[in-house]
Amino acid sequence: MKQDEIKQLLTQFEAIACNYEGVECWSARDLQKLLDYAEWRNFCKNIEKAKEACKNANIDVLEHFVDVNKVFQVGNGAEMTVNDILLTRYACYLIAQNGDPRKPQIAFAQSYFAVQTRFAEAIEQRLLEYERVTARKKLQETEKKLSGILYERGIDDKGFAIIRSKGDTALFRLNTEQLKKEMNVPKGRPLADFLPTVTIKAKDFAAAMTSENVNVKNLSGEDSIAQEHVENNSSVRRIMIERGLVPENLPPAEDVKKVERRLHSERKKLNGLPNA
């Protein structure tokens, strides 16, 4: 395929993209023409194959294939309404994969939507990693604040570690050391560096409630504060289980320090800076 043909097809594919409830999508009727299908019924057969592939991948078909109506001008101001389907980038990719790659339009679409899909997945993954790094930093800040509050009430670092471990036991039904062993956390590393985002946030929420209630209830002494922290973690655990999330059954996540270094390295590359 010549370069000018590629540029022309790129322009055409991007020109028919639209936005539906904040999601980039394509009209099946418009895509039919670009992919050089003469008849709608033949193109619909391809769409059904794509839906089946989507279903087999355990992905919700209705999220990627949305039935709508499209209005056409047919002359003399008259209008005709026809069935149409709004297709996400992923749906278009599946449709293209079921097409004949000997057609230049199909070959282009296969590459175009494959790249677009991978690009979107890469962005999504990066956002999830950034969210996890941010949640970990937030937990550190919350625990630092809690430690300061407890220090003012006569509880030293050892007492704080005991209280935090009791909170972990209430949240996970395993103490901190048991959890570290279960998750293969390297010796000397914090448990939270290997927790998934949802449990990092769960620990943060429980610690924030403890900080607040220690002041509001004017608690003092290791036993009473530990009991408060246990109750807060138990409450968070109940909420998670009600939503189908058992904290101790969630798999460990990648070392958050490694994730943070990767994001930092990518940021430097984008800014044109050498890696440290």
# chains A, B, ... in the order shown; residues from 1 in each chain; ligands from 1

call {"tool": "select_by_dssp", "arguments": {"residues": "region 25-257 of chain A", "states": "helix (DSSP H, G or I)", "output": "JSON, numbers by chain"}}
result
{"A": [28, 29, 30, 31, 32, 33, 34, 40, 41, 42, 43, 44, 45, 46, 47, 48, 49, 50, 51, 52, 53, 54, 55, 56, 61, 62, 63, 89, 90, 91, 92, 93, 94, 95, 96, 97, 104, 105, 106, 107, 108, 109, 110, 111, 112, 113, 114, 115, 116, 117, 118, 119, 120, 121, 122, 123, 124, 125, 126, 127, 128, 129, 130, 131, 132, 133, 134, 135, 136, 137, 138, 139, 140, 141, 142, 143, 144, 145, 146, 147, 148, 149, 150, 151, 152, 157, 158, 159, 160, 161, 162, 163, 164, 165, 166, 167, 168, 169, 170, 171, 172, 176, 177, 178, 179, 180, 181, 182, 191, 192, 193, 194, 197, 198, 199, 200, 201, 202, 203, 204, 205, 206, 207, 208, 209, 210, 211, 212, 213, 214, 215, 216, 222, 223, 224, 225, 226, 227, 228, 229, 230, 231, 232, 233, 234, 235, 236, 237, 238, 239, 240, 241, 242, 247, 248, 249, 256, 257]}

call {"tool": "residues_around", "arguments": {"residues": "Gln3 (chain A)", "least_positions_apart": "6", "cutoff": "12 Å", "atoms": "only C-alpha atoms", "output": "PyMOL selection string"}}
result
chain A and resi 9-10+108

call {"tool": "closest_residue", "arguments": {"among": "A:Lys217, A:Lys103, A:Lys203, A:Arg41", "to": "Met240 (chain A)", "atoms": "only C-alpha atoms"}}
result
A:Lys203

call {"tool": "closest_atom_pairs", "arguments": {"of": "region 185-256 of chain A", "to": "region 132-143 of chain A", "cutoff": "7 Å", "atoms": "only C-alpha atoms", "output": "JSON lines"}}
result
{"residue": "A:Thr197", "atom": "CA", "partner": "A:Arg132", "partner_atom": "CA", "distance": 5.0}
{"residue": "A:Ile200", "atom": "CA", "partner": "A:Arg136", "partner_atom": "CA", "distance": 6.4}
{"residue": "A:Lys201", "atom": "CA", "partner": "A:Ala135", "partner_atom": "CA", "distance": 6.2}
{"residue": "A:Asp204", "atom": "CA", "partner": "A:Leu139", "partner_atom": "CA", "distance": 4.9}
{"residue": "A:Ala207", "atom": "CA", "partner": "A:Glu143", "partner_atom": "CA", "distance": 6.5}
{"residue": "A:Ala208", "atom": "CA", "partner": "A:Thr142", "partner_atom": "CA", "distance": 6.2}
{"residue": "A:Val256", "atom": "CA", "partner": "A:Val133", "partner_atom": "CA", "distance": 6.3}

call {"tool": "atom_distance", "arguments": {"atom1": "CA of Glu222 (chain A)", "atom2": "CA of Val236 (chain A)"}}
result
21.1 Å

call {"tool": "closest_residue", "arguments": {"among": "A:Ala202, A:Ala50, A:Cys25, A:Leu250", "to": "Ser235 (chain A)", "atoms": "only C-alpha atoms"}}
result
A:Ala202

call {"tool": "select_by_dssp", "arguments": {"residues": "region 17-253 of chain A", "states": "strand (DSSP E)", "output": "short mmCIF file (atom, residue, chain, number, x, y, z; two decimals) with C-alpha atoms, in the first residue's frame"}}
result
data_model
loop_
_atom_site.label_atom_id
_atom_site.label_comp_id
_atom_site.auth_asym_id
_atom_site.auth_seq_id
_atom_site.Cartn_x
_atom_site.Cartn_y
_atom_site.Cartn_z
CA ALA A 17 -15.05 8.64 14.49
CA CYS A 18 -17.59 10.12 16.89
CA ASN A 19 -18.11 10.50 20.62
CA TYR A 20 -20.86 8.63 22.45
CA VAL A 23 -16.35 7.05 24.42
CA GLU A 24 -14.75 7.22 20.97
CA CYS A 25 -16.70 5.05 18.56
CA TRP A 26 -17.57 4.45 14.92
CA SER A 27 -20.88 4.01 13.11
CA PHE A 65 -21.74 -2.89 20.28
CA VAL A 66 -24.54 -0.38 20.89
CA ASP A 67 -27.71 -0.57 18.78
CA VAL A 68 -28.93 2.86 17.62
CA ASN A 69 -30.97 4.40 14.81
CA LYS A 70 -29.47 6.53 12.05
CA VAL A 71 -31.39 9.09 10.01
CA PHE A 72 -30.62 9.61 6.31
CA GLN A 73 -31.73 12.42 3.99
CA VAL A 74 -33.29 10.79 0.92
CA GLY A 75 -34.18 13.87 -1.09
CA ALA A 78 -37.54 13.46 3.34
CA GLU A 79 -35.78 11.32 5.94
CA MET A 80 -35.31 7.59 6.37
CA THR A 81 -34.39 5.87 9.63
CA VAL A 82 -32.27 2.74 9.55
CA ASN A 83 -30.73 0.50 12.16
CA ASP A 84 -27.12 1.21 13.05
CA ILE A 85 -24.57 0.05 15.60
CA LEU A 86 -22.07 2.21 17.43
CA LEU A 87 -18.78 0.35 17.69
CA THR A 88 -15.97 0.93 20.14
#

call {"tool": "residues_around", "arguments": {"residues": "Glu182 (chain A)", "least_positions_apart": "4", "cutoff": "10 Å", "atoms": "only C-alpha atoms", "output": "list in words"}}
result
Leu174, Thr176, Glu177, Gln178, Glu248, Pro251 and Pro252 of chain A
